[in-house]
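To be precise, the following lines are start.cif, and they hold mmCIF, C-alpha atoms and all ligand atoms.
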data_work
loop_
_atom_site.label_atom_id
_atom_site.label_comp_id
_atom_site.auth_asym_id
_atom_site.auth_seq_id
_atom_site.Cartn_x
_atom_site.Cartn_y
_atom_site.Cartn_z
CA MET A 260 14.28 18.30 -25.13
CA SER A 261 12.65 16.14 -22.53
CA ALA A 262 9.36 14.42 -23.33
CA PRO A 263 6.00 15.54 -21.94
CA ALA A 264 4.56 13.29 -19.25
CA ALA A 265 1.78 12.23 -21.65
CA ASP A 266 4.23 10.75 -24.17
CA ILE A 267 6.05 8.86 -21.42
CA LEU A 268 2.79 7.51 -20.03
CA VAL A 269 1.62 6.32 -23.46
CA GLU A 270 4.88 4.41 -23.85
CA LEU A 271 4.60 2.89 -20.37
CA LEU A 272 0.95 1.85 -20.86
CA ALA A 273 1.79 0.21 -24.20
CA ALA A 274 4.42 -1.94 -22.43
CA PRO A 275 2.33 -4.66 -20.76
CA SER A 276 3.66 -5.42 -17.27
CA VAL A 277 1.15 -7.59 -15.43
CA THR A 278 2.68 -8.49 -12.09
CA PRO A 279 5.33 -9.86 -11.72
CA ASP A 280 6.50 -9.43 -15.35
CA ALA A 281 7.36 -5.73 -15.26
CA GLY A 282 10.28 -6.08 -17.72
CA PRO A 283 8.76 -4.26 -20.72
CA ALA A 284 7.83 -1.21 -18.61
CA LEU A 285 11.22 -1.26 -16.86
CA ASP A 286 12.84 -1.19 -20.34
CA VAL A 287 11.07 2.10 -21.07
CA ILE A 288 12.12 3.64 -17.75
CA ALA A 289 15.71 2.44 -18.12
CA ARG A 290 16.02 3.88 -21.62
CA LEU A 291 14.63 7.31 -20.67
CA LEU A 292 16.70 7.62 -17.51
CA SER A 293 20.01 6.38 -18.89
CA ALA A 294 19.65 8.82 -21.81
CA ALA A 295 19.44 11.58 -19.19
CA GLY A 296 22.62 10.43 -17.45
CA PHE A 297 21.24 8.19 -14.69
CA SER A 298 23.10 5.03 -13.74
CA VAL A 299 20.63 2.16 -14.06
CA ASP A 300 20.67 -1.21 -12.30
CA ARG A 301 18.05 -3.92 -12.64
CA PRO A 302 18.54 -6.46 -9.85
CA VAL A 303 16.44 -9.65 -9.88
CA PHE A 304 15.40 -10.98 -6.47
CA THR A 305 14.31 -14.53 -5.75
CA GLU A 306 12.71 -16.42 -2.93
CA PRO A 307 11.49 -20.04 -2.92
CA GLY A 308 7.73 -20.23 -3.48
CA THR A 309 7.42 -16.80 -5.13
CA PRO A 310 8.12 -15.64 -8.69
CA ASP A 311 11.51 -14.08 -9.47
CA VAL A 312 11.09 -10.34 -9.83
CA GLU A 313 13.07 -7.75 -11.73
CA ASN A 314 13.47 -4.33 -10.11
CA LEU A 315 15.10 -1.06 -11.13
CA PHE A 316 17.30 1.44 -9.33
CA ALA A 317 18.47 4.54 -11.17
CA ALA A 318 20.44 7.42 -9.69
CA ILE A 319 22.17 10.65 -10.64
CA GLY A 320 24.16 13.33 -8.79
CA ALA A 321 26.12 13.34 -5.57
CA GLY A 322 25.68 14.89 -2.16
CA GLU A 323 24.21 14.55 1.31
CA ARG A 324 20.67 15.23 0.24
CA HIS A 325 19.32 12.18 -1.54
CA PHE A 326 15.73 12.30 -2.77
CA VAL A 327 14.25 8.98 -3.91
CA PHE A 328 11.06 8.46 -5.91
CA VAL A 329 9.51 5.11 -5.02
CA GLY A 330 7.10 3.31 -7.30
CA HIS A 331 6.10 0.13 -9.07
CA ALA A 332 5.99 -0.73 -12.76
CA ASP A 333 3.83 -3.85 -12.40
CA VAL A 334 0.07 -3.66 -12.84
CA VAL A 335 -2.87 -5.86 -11.90
CA PRO A 336 -4.35 -8.06 -14.66
CA PRO A 337 -6.85 -6.28 -16.94
CA GLY A 338 -9.69 -8.75 -16.42
CA ASP A 339 -12.07 -9.34 -19.33
CA PRO A 340 -10.81 -7.05 -22.16
CA ALA A 341 -14.37 -6.92 -23.53
CA ARG A 342 -15.32 -4.75 -20.56
CA TRP A 343 -12.80 -2.09 -21.64
CA ARG A 344 -13.78 0.79 -23.89
CA HIS A 345 -10.25 0.67 -25.34
CA PRO A 346 -7.89 -2.33 -25.19
CA PRO A 347 -6.08 -2.32 -21.82
CA PHE A 348 -2.58 -2.10 -23.32
CA ALA A 349 -3.28 0.12 -26.35
CA ALA A 350 -2.76 3.43 -24.49
CA ALA A 351 -5.58 5.00 -26.49
CA VAL A 352 -6.15 8.72 -26.03
CA GLU A 353 -9.70 10.02 -26.38
CA ASP A 354 -10.94 13.52 -25.51
CA GLY A 355 -7.81 14.32 -23.50
CA VAL A 356 -7.98 11.13 -21.46
CA VAL A 357 -5.56 8.22 -21.78
CA TYR A 358 -6.87 4.71 -21.12
CA GLY A 359 -4.84 1.71 -19.99
CA ARG A 360 -4.12 -0.70 -17.18
CA GLY A 361 -1.87 1.17 -14.76
CA ALA A 362 -2.90 4.68 -15.88
CA VAL A 363 -3.32 5.74 -12.25
CA ASP A 364 -1.84 2.76 -10.37
CA MET A 365 0.82 3.75 -10.94
CA LYS A 366 2.32 4.41 -14.35
CA GLY A 367 0.76 7.89 -14.21
CA GLY A 368 2.85 8.80 -11.17
CA LEU A 369 5.94 7.21 -12.74
CA ALA A 370 5.53 9.06 -16.04
CA ALA A 371 4.92 12.36 -14.25
CA PHE A 372 7.98 11.95 -12.04
CA ILE A 373 10.21 10.95 -14.96
CA ALA A 374 9.03 14.00 -16.92
CA ALA A 375 9.59 16.21 -13.86
CA ALA A 376 13.08 14.82 -13.22
CA LEU A 377 14.16 15.24 -16.85
CA ARG A 378 12.94 18.85 -16.93
CA PHE A 379 14.60 19.56 -13.60
CA LEU A 380 17.91 18.14 -14.85
CA GLU A 381 17.63 20.04 -18.12
CA ARG A 382 17.36 23.30 -16.17
CA ARG A 383 19.78 22.54 -13.36
CA GLY A 384 22.28 20.13 -14.91
CA PRO A 385 23.80 17.12 -13.17
CA GLU A 386 25.47 19.33 -10.52
CA PHE A 387 22.18 20.21 -8.84
CA GLY A 388 23.52 19.81 -5.34
CA GLY A 389 22.42 16.33 -4.32
CA ARG A 390 21.43 12.88 -5.43
CA LEU A 391 18.17 11.89 -7.11
CA SER A 392 17.06 8.32 -7.60
CA PHE A 393 14.21 6.09 -8.78
CA LEU A 394 13.45 2.92 -6.85
CA VAL A 395 10.96 0.97 -8.95
CA THR A 396 9.77 -2.54 -8.25
CA GLY A 397 7.92 -5.13 -10.31
CA ASP A 398 6.41 -6.69 -7.21
CA GLU A 399 3.97 -4.32 -5.55
CA GLU A 400 0.72 -5.80 -6.83
CA GLY A 401 1.98 -9.35 -6.21
CA PRO A 402 3.32 -10.92 -3.00
CA ALA A 403 5.66 -7.91 -2.38
CA VAL A 404 8.41 -10.29 -1.31
CA ASN A 405 10.99 -9.69 -4.05
CA GLY A 406 10.31 -6.01 -4.40
CA THR A 407 10.72 -2.75 -2.52
CA ALA A 408 11.85 -4.27 0.80
CA LYS A 409 14.74 -6.11 -0.86
CA LEU A 410 15.53 -3.27 -3.24
CA LEU A 411 15.93 -0.83 -0.35
CA ALA A 412 18.28 -3.22 1.44
CA TRP A 413 20.19 -3.83 -1.81
CA ALA A 414 20.64 -0.08 -2.35
CA LYS A 415 21.72 0.45 1.24
CA GLY A 416 24.27 -2.34 0.81
CA ARG A 417 25.77 -0.36 -2.06
CA GLY A 418 26.16 2.69 0.12
CA GLU A 419 23.01 4.58 -0.86
CA GLY A 420 21.71 6.70 2.04
CA PHE A 421 18.28 8.20 1.42
CA SER A 422 17.24 11.44 3.08
CA ALA A 423 13.66 11.83 1.76
CA ALA A 424 11.24 9.66 -0.21
CA LEU A 425 8.13 10.27 -2.26
CA VAL A 426 5.80 7.41 -3.19
CA GLY A 427 3.76 8.15 -6.31
CA GLU A 428 0.70 5.97 -5.60
CA PRO A 429 -2.70 7.56 -6.21
CA THR A 430 -3.56 9.57 -3.07
CA SER A 431 -5.91 12.26 -4.40
CA VAL A 432 -9.60 11.61 -3.74
CA GLU A 433 -11.73 13.87 -5.93
CA ARG A 434 -9.29 16.35 -7.42
CA LEU A 435 -5.55 16.22 -7.92
CA GLY A 436 -4.00 17.79 -4.83
CA ASP A 437 -6.79 17.32 -2.30
CA GLN A 438 -4.87 14.76 -0.26
CA ILE A 439 -1.37 13.51 0.51
CA LYS A 440 -0.49 10.63 2.80
CA ILE A 441 1.89 11.05 5.69
CA GLY A 442 1.51 7.67 7.31
CA ARG A 443 -0.40 4.45 7.14
CA ARG A 444 -2.36 2.33 9.54
CA GLY A 445 -1.00 -1.05 10.52
CA SER A 446 -2.75 -4.28 9.61
CA PHE A 447 -3.27 -7.27 11.88
CA SER A 448 -4.94 -10.49 10.71
CA ALA A 449 -5.57 -13.65 12.69
CA THR A 450 -7.60 -16.83 12.79
CA LEU A 451 -9.51 -17.71 15.96
CA VAL A 452 -10.33 -21.40 16.50
CA VAL A 453 -12.73 -22.66 19.16
CA THR A 454 -12.55 -26.34 19.99
CA GLY A 455 -15.60 -28.20 21.28
CA ARG A 456 -16.68 -31.83 21.30
CA GLN A 457 -18.45 -33.34 18.30
CA GLY A 458 -21.75 -35.10 18.94
CA HIS A 459 -25.42 -35.71 18.06
CA ALA A 460 -27.51 -32.56 17.78
CA ALA A 461 -30.32 -34.36 19.68
CA TYR A 462 -27.98 -35.10 22.59
CA PRO A 463 -26.18 -31.78 23.18
CA HIS A 464 -25.41 -32.70 26.80
CA LEU A 465 -23.01 -35.32 25.41
CA ALA A 466 -21.28 -32.78 23.15
CA GLU A 467 -19.84 -29.29 23.41
CA ASN A 468 -20.91 -26.91 20.68
CA PRO A 469 -17.97 -24.72 19.58
CA ILE A 470 -20.23 -22.37 17.60
CA ARG A 471 -21.75 -21.08 20.84
CA GLY A 472 -18.28 -20.35 22.17
CA LEU A 473 -17.14 -18.77 18.92
CA THR A 474 -20.08 -16.38 18.73
CA GLU A 475 -19.54 -15.35 22.34
CA LEU A 476 -15.87 -14.64 21.68
CA LEU A 477 -16.59 -12.70 18.48
CA TRP A 478 -19.13 -10.61 20.34
CA ALA A 479 -16.61 -9.93 23.12
CA LEU A 480 -13.99 -8.85 20.58
CA GLN A 481 -16.38 -6.32 19.03
CA ALA A 482 -18.32 -5.16 22.09
CA GLU A 483 -16.17 -2.08 22.56
CA PRO A 484 -14.22 -0.01 20.03
CA LEU A 485 -10.45 -0.42 20.17
CA ASP A 486 -9.96 3.34 20.53
CA ALA A 487 -11.40 6.69 19.49
CA GLY A 488 -8.70 7.68 17.00
CA THR A 489 -5.76 10.07 17.37
CA ASP A 490 -4.64 13.42 15.96
CA HIS A 491 -3.58 11.94 12.63
CA PHE A 492 -5.45 8.63 12.57
CA GLU A 493 -9.03 7.39 12.41
CA PRO A 494 -10.25 4.95 15.10
CA SER A 495 -8.77 1.47 14.70
CA THR A 496 -11.08 -1.00 13.01
CA PHE A 497 -11.92 -4.62 13.74
CA GLU A 498 -13.69 -6.66 11.07
CA VAL A 499 -14.61 -10.34 11.09
CA VAL A 500 -14.10 -11.41 7.47
CA SER A 501 -15.10 -15.06 7.66
CA VAL A 502 -16.75 -17.58 9.99
CA ASP A 503 -16.13 -21.19 9.07
CA VAL A 504 -17.57 -24.43 10.38
CA GLY A 505 -17.86 -26.53 7.23
CA ASN A 506 -20.58 -28.79 8.62
CA PRO A 507 -22.94 -30.23 5.95
CA ALA A 508 -25.11 -32.16 8.47
CA TRP A 509 -28.22 -31.10 10.40
CA ASN A 510 -27.84 -33.63 13.17
CA VAL A 511 -24.17 -33.22 14.06
CA ILE A 512 -22.63 -30.74 16.46
CA PRO A 513 -19.24 -29.94 14.91
CA GLY A 514 -15.97 -30.44 16.73
CA SER A 515 -14.54 -27.02 16.06
CA ALA A 516 -15.36 -23.63 14.56
CA SER A 517 -13.16 -20.83 13.38
CA ALA A 518 -13.30 -17.20 12.33
CA ARG A 519 -10.85 -14.90 10.58
CA PHE A 520 -10.58 -11.22 11.31
CA ASN A 521 -8.59 -8.17 10.25
CA SER A 522 -7.82 -5.02 12.19
CA ARG A 523 -6.43 -1.76 10.76
CA PHE A 524 -4.83 -0.06 13.71
CA ASN A 525 -3.61 3.45 14.45
CA ASP A 526 -0.59 4.80 16.30
CA LEU A 527 -1.97 3.89 19.74
CA TRP A 528 -1.00 0.31 18.95
CA ASP A 529 1.66 -1.89 17.47
CA ARG A 530 1.20 -5.50 16.39
CA ALA A 531 2.29 -6.87 19.77
CA SER A 532 0.09 -4.61 21.90
CA LEU A 533 -2.90 -5.15 19.63
CA ARG A 534 -2.48 -8.90 19.83
CA ALA A 535 -2.22 -8.63 23.62
CA GLU A 536 -5.50 -6.67 23.73
CA VAL A 537 -7.25 -9.24 21.53
CA GLU A 538 -6.02 -12.04 23.78
CA ARG A 539 -7.10 -10.14 26.91
CA ARG A 540 -10.64 -9.80 25.57
CA LEU A 541 -10.71 -13.45 24.53
CA ARG A 542 -9.49 -14.63 27.95
CA LEU A 543 -12.03 -12.54 29.83
CA ALA A 544 -14.88 -13.80 27.67
CA ALA A 545 -13.74 -17.41 27.65
CA GLU A 546 -13.57 -17.56 31.42
CA ALA A 547 -16.75 -15.57 32.16
CA PRO A 548 -19.42 -17.55 34.03
CA ARG A 549 -21.92 -19.15 31.62
CA PHE A 550 -24.58 -21.81 31.73
CA SER A 551 -22.35 -24.38 30.09
CA ALA A 552 -19.91 -23.98 32.99
CA ALA A 553 -16.81 -25.06 31.04
CA PRO A 554 -14.51 -22.25 29.81
CA ILE A 555 -14.35 -21.80 26.05
CA ARG A 556 -11.26 -23.44 24.56
CA TRP A 557 -9.72 -21.17 21.95
CA SER A 558 -6.48 -20.59 20.09
CA LEU A 559 -5.30 -17.66 18.00
CA ALA A 560 -2.96 -17.84 14.98
CA GLU A 561 -1.60 -14.58 13.62
CA GLU A 562 -1.20 -14.21 9.84
CA PRO A 563 2.27 -13.10 8.81
CA SER A 564 1.79 -9.69 7.16
CA PRO A 565 4.51 -7.32 8.26
CA SER A 566 2.75 -4.02 8.15
CA ASP A 567 3.03 -1.87 11.19
CA VAL A 568 1.57 1.56 11.66
CA PHE A 569 3.77 4.57 10.93
CA LEU A 570 3.56 8.35 10.88
CA THR A 571 6.10 10.60 9.18
CA HIS A 572 7.34 13.28 11.58
CA ASP A 573 9.50 15.28 9.16
CA GLU A 574 7.52 18.55 9.17
CA ALA A 575 9.93 20.14 6.69
CA LEU A 576 9.29 17.44 4.07
CA ILE A 577 5.53 17.43 4.68
CA GLY A 578 5.46 21.23 4.43
CA LEU A 579 7.53 21.25 1.25
CA VAL A 580 5.30 18.70 -0.49
CA SER A 581 2.11 20.44 0.70
CA ARG A 582 3.33 23.81 -0.61
CA ALA A 583 4.31 22.33 -3.98
CA VAL A 584 0.85 20.77 -4.28
CA GLU A 585 -0.88 24.00 -3.34
CA GLU A 586 1.20 26.12 -5.74
CA ALA A 587 0.58 23.81 -8.70
CA THR A 588 -3.05 22.83 -8.05
CA GLY A 589 -4.51 25.61 -5.91
CA LEU A 590 -5.62 23.07 -3.32
CA ARG A 591 -4.27 22.76 0.21
CA PRO A 592 -3.93 19.00 0.65
CA ARG A 593 -5.46 17.13 3.57
CA LEU A 594 -2.84 15.09 5.47
CA SER A 595 -4.22 11.56 5.53
CA THR A 596 -3.25 8.20 7.01
CA GLY A 597 -6.32 6.30 5.73
CA GLY A 598 -6.72 3.50 3.24
CA GLY A 599 -4.76 0.29 2.85
CA THR A 600 -1.05 -0.33 3.08
CA SER A 601 1.57 0.63 0.48
CA ASP A 602 5.29 0.14 -0.04
CA ALA A 603 5.79 3.25 2.11
CA ARG A 604 5.66 0.79 5.03
CA PHE A 605 9.10 -0.47 3.90
CA VAL A 606 10.54 2.94 3.02
CA LYS A 607 9.77 4.43 6.44
CA ASP A 608 12.60 2.31 7.94
CA TYR A 609 15.13 4.19 5.77
CA CYS A 610 14.01 7.83 5.62
CA PRO A 611 10.98 10.09 6.01
CA VAL A 612 8.37 9.30 3.36
CA VAL A 613 5.36 11.14 1.95
CA GLU A 614 2.93 9.84 -0.68
CA PHE A 615 1.35 11.93 -3.39
CA GLY A 616 -0.23 10.94 -6.68
CA PRO A 617 -3.28 11.23 -8.95
CA VAL A 618 -6.97 10.65 -8.25
CA GLY A 619 -7.31 6.90 -7.77
CA THR A 620 -10.99 6.37 -8.61
CA SER A 621 -10.41 4.06 -11.60
CA MET A 622 -7.53 2.00 -10.17
CA HIS A 623 -7.82 -1.77 -10.70
CA GLN A 624 -11.03 -1.20 -12.72
CA ALA A 625 -11.83 -1.72 -16.39
CA ASP A 626 -11.19 1.54 -18.30
CA GLU A 627 -8.49 2.67 -15.86
CA ARG A 628 -7.68 6.19 -17.05
CA ILE A 629 -6.18 9.57 -16.34
CA GLY A 630 -6.79 13.00 -17.85
CA LEU A 631 -3.76 14.45 -19.63
CA ASP A 632 -4.34 17.77 -17.82
CA GLU A 633 -4.17 16.04 -14.48
CA LEU A 634 -1.02 14.20 -15.55
CA GLU A 635 0.73 17.44 -16.57
CA ARG A 636 -0.27 19.14 -13.31
CA LEU A 637 1.06 16.14 -11.40
CA ALA A 638 4.39 16.51 -13.22
CA ALA A 639 4.36 20.21 -12.30
CA VAL A 640 3.88 19.34 -8.62
CA TYR A 641 6.75 16.86 -8.73
CA GLU A 642 9.03 19.35 -10.45
CA ARG A 643 8.27 21.95 -7.75
CA ILE A 644 9.07 19.37 -5.08
CA LEU A 645 12.47 18.75 -6.66
CA ASP A 646 13.21 22.48 -6.91
CA ALA A 647 12.21 23.05 -3.30
CA TYR A 648 14.20 20.06 -2.05
CA PHE A 649 17.33 20.96 -3.98
CA THR A 650 17.25 24.73 -3.58
CA ALA A 651 19.61 26.28 -6.09
ZN ZN A 701 -0.05 0.88 -6.74
#
Would you mind writing the file out in structure tokens?
Ligand SMILES: [Zn+2]
Amino acid sequence: MSAPAADILVELLAAPSVTPDAGPALDVIARLLSAAGFSVDRPVFTEPGTPDVENLFAAIGAGERHFVFVGHADVVPPGDPARWRHPPFAAAVEDGVVYGRGAVDMKGGLAAFIAAALRFLERRGPEFGGRLSFLVTGDEEGPAVNGTAKLLAWAKGRGEGFSAALVGEPTSVERLGDQIKIGRRGSFSATLVVTGRQGHAAYPHLAENPIRGLTELLWALQAEPLDAGTDHFEPSTFEVVSVDVGNPAWNVIPGSASARFNSRFNDLWDRASLRAEVERRLRLAAEAPRFSAAPIRWSLAEEPSPSDVFLTHDEALIGLVSRAVEEATGLRPRLSTGGGTSDARFVKDYCPVVEFGPVGTSMHQADERIGLDELERLAAVYERILDAYFTA
């Protein structure tokens, strides 16, 4: 008999796995899956300047159709344990709710999918007409360098060809099933530096104040929205997150000033075209006539964060997941592309990917928790997805 999702989650929560040390939680997953007949590999990836990270790939079955569940076993640190109602790694259950770091992000999704897969295999046996795998990293909450991106490439190198992927991050907003994610916005971050000429604040004609130039450029960047949104995406955003001069004096005009900004962009853009638009606005503003006559001297340095926008176009997969959600929860899910980035940004280069998981309200908070009802319904959704994907 396979274990209920609740038992699996309690075991996972009691195995502390603060990023990047996911080992104890990976042990639990490896034991459950190998007992059910999965092959299990735990490759460790390294990169100078980042912690070594252990990952897990488990697979069973053979065939053209290969469904992969993508997740992470690492969790964010618990913070001050005194702020928790129950200790963060005790997996305490109270009034039908289980408490613990990772309960929703994302050991809940992992436990539910493991329970669903074991039940599915119990009913259908190992000859279910395809291949089913788990791709679980210990590096999602950390730098994400030695995690999903490398694990996907590693699996491909061993001949694994994925045909559909499900990421089990929390996607529901108020009730389980109200939202799935079918794409993600891209993220673009950069630092803008304006160079002036340092001098005495009482003699501004002998200096060139970069703060004046910087404020003009920041205004120009925000004067008009980037776009009005698209069918599946909200309007792209542009947010200045810091303005830095670092000048402690009252009587000195500083030599330079900088600002950092972040844009979350939709499918009207890619990183290159967005950067080109930012530079176009900066050029226009820098060269516009002004009382100081001299053009503003600026430079732009892009932050390396490889996360481009994507939208999943596989209507069959989206329809199948939506129907499974509706059948098990009674809710027709909204198809969203909002929020931050996830490891789906790496998966989309290999196969169509959809994200569905629990309500995320308590993620990264003290008292992170999930209701056992919700967890069982999540497992029911996942099991329906497997049955629909591998029709008997
Ligand atoms: Zn997560």
Given all atoms listed in the file, how would the per-residue table for chain A near ligand ZN 701 (chain A) read, listing every residue at most 9 Å away with its closest atom pair and distance in Å to one decimal, sorted by chain and number, as CSV?
residue,atom,partner,partner_atom,distance
A:Gly330,CA,A:ZN701,ZN,7.6
A:His331,CA,A:ZN701,ZN,6.6
A:Ala332,CA,A:ZN701,ZN,8.7
A:Asp333,CA,A:ZN701,ZN,8.3
A:Val334,CA,A:ZN701,ZN,7.6
A:Val335,CA,A:ZN701,ZN,8.9
A:Gly361,CA,A:ZN701,ZN,8.2
A:Val363,CA,A:ZN701,ZN,8.0
A:Asp364,CA,A:ZN701,ZN,4.5
A:Met365,CA,A:ZN701,ZN,5.2
A:Lys366,CA,A:ZN701,ZN,8.7
A:Glu399,CA,A:ZN701,ZN,6.7
A:Glu400,CA,A:ZN701,ZN,6.7
A:Gly427,CA,A:ZN701,ZN,8.2
A:Glu428,CA,A:ZN701,ZN,5.3
A:Pro429,CA,A:ZN701,ZN,7.2
A:Ser601,CA,A:ZN701,ZN,7.4
A:Asp602,CA,A:ZN701,ZN,8.6
A:Met622,CA,A:ZN701,ZN,8.3
Nearest to Asp608 (chain A) by atom-to-atom distance, counting all atoms listed in the file, from A:Glu498, A:Glu627, A:Asp567, A:Asp339: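 Counting all atoms listed in the file, the residue closest to Asp608 (chain A) is A:Asp567.
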Test item: residues at most 6 Å from Pro469 (chain A), all atoms listed in the file, excluding those fewer than 4 positions along its chain, as a PyMOL selection string: chain A and resi 453-455+515-516
Compile the contact shell of Arg530 (chain A) as a PDB file with C-alpha atoms, keeping the file's coordinate frame: residues with an atom at most 9 Å away, counting only C-alpha atoms, same-chain residues fewer than 3 positions apart removed.
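Resulting contents of part23.pdb:
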ATOM      1  CA  GLY A 445      -1.000  -1.050  10.520  1.00  0.00           C
ATOM      2  CA  SER A 446      -2.750  -4.280   9.610  1.00  0.00           C
ATOM      3  CA  PHE A 447      -3.270  -7.270  11.880  1.00  0.00           C
ATOM      4  CA  PHE A 524      -4.830  -0.060  13.710  1.00  0.00           C
ATOM      5  CA  LEU A 533      -2.900  -5.150  19.630  1.00  0.00           C
ATOM      6  CA  ARG A 534      -2.480  -8.900  19.830  1.00  0.00           C
ATOM      7  CA  ALA A 535      -2.220  -8.630  23.620  1.00  0.00           C
ATOM      8  CA  PRO A 565       4.510  -7.320   8.260  1.00  0.00           C
ATOM      9  CA  SER A 566       2.750  -4.020   8.150  1.00  0.00           C
ATOM     10  CA  ASP A 567       3.030  -1.870  11.190  1.00  0.00           C
ATOM     11  CA  VAL A 568       1.570   1.560  11.660  1.00  0.00           C
TER      12      VAL A 568
END
Using only C-alpha atoms: which of A:Val584, A:Val612, A:Leu543, A:Ala274 has the shortest distance to Gln438 (chain A): A:Val584
For Phe492 (chain A), the nearest of the candidates A:Glu386, A:Glu633, A:Glu475, A:Asp526, counting only C-alpha atoms: A:Asp526
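Here CA of Gly599 (chain A) and CA of Pro402 (chain A) stand 15.0 Å from one another.
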From A:Val327, A:Val606, A:Ala414, A:Ala587, residue lying nearest Phe393 (chain A) [all atoms listed in the file]: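 Answer, going by the shortest atom-to-atom distance: A:Val327.
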Minimum-distance residue to Ala351 (chain A), chosen among A:Leu559, A:Ala460, A:Leu268, A:Val502 (using only C-alpha atoms):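 Result for the nearest residue to Ala351 (chain A): A:Leu268.
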Nearest candidate to Gln457 (chain A) (options A:Ser501, A:Ser581, A:Ser392, A:Asn510; using all atoms listed in the file):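 Closest to Gln457 (chain A) of all the choices is A:Asn510.
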Around region 564-572 of chain A, fit a box with edges along x, y and z, padding it by 4 Å on each side, then list its centre and edge lengths in Å to one decimal as AutoDock Vina command-line options.
--center_x 4.5 --center_y 1.8 --center_z 9.4 --size_x 13.8 --size_y 31.0 --size_z 12.5
Residue contacts of Ile373 (chain A) (10 Å, all atoms listed in the file) excluding same-chain residues fewer than 4 positions away, as a ChimeraX atom specification: /A:261-264,267-268,288,291-292,328,367-369,377-379,393,638,641-642
Contact residues around region 308-317 of chain A with only C-alpha atoms at 6 Å, ignoring same-chain residues under 4 positions, as an NGL selection string: :A and (297-304 or 392-397 or 405)
Atoms kept (C-alpha atoms) for selection, written as a short mmCIF file (atom, residue, chain, number, x, y, z; two decimals), in the coordinates of the input:
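The result, stored in out-v9.cif:
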data_model
loop_
_atom_site.label_atom_id
_atom_site.label_comp_id
_atom_site.auth_asym_id
_atom_site.auth_seq_id
_atom_site.Cartn_x
_atom_site.Cartn_y
_atom_site.Cartn_z
CA PHE A 297 21.24 8.19 -14.69
CA SER A 298 23.10 5.03 -13.74
CA VAL A 299 20.63 2.16 -14.06
CA ASP A 300 20.67 -1.21 -12.30
CA ARG A 301 18.05 -3.92 -12.64
CA PRO A 302 18.54 -6.46 -9.85
CA VAL A 303 16.44 -9.65 -9.88
CA PHE A 304 15.40 -10.98 -6.47
CA SER A 392 17.06 8.32 -7.60
CA PHE A 393 14.21 6.09 -8.78
CA LEU A 394 13.45 2.92 -6.85
CA VAL A 395 10.96 0.97 -8.95
CA THR A 396 9.77 -2.54 -8.25
CA GLY A 397 7.92 -5.13 -10.31
CA ASN A 405 10.99 -9.69 -4.05
#
Residues of region 419-521 of chain A at most 10 Å from region 320-324 of chain A: nearest atom pair and distance in Å, only C-alpha atoms, as CSV:
residue,atom,partner,partner_atom,distance
A:Gly420,CA,A:Glu323,CA,8.3
A:Phe421,CA,A:Arg324,CA,7.5
A:Ser422,CA,A:Arg324,CA,5.8
A:Ala423,CA,A:Arg324,CA,7.9
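Pairwise distance (CA of Ala482 (chain A), CA of Thr600 (chain A)) equals 26.1 Å.
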Val432 (chain A) environment, 12 Å, all atoms listed in the file, sequence neighbours closer than 3 positions dropped, as a ChimeraX atom specification: /A:428-429,435-440,592-595,597-598,615-622
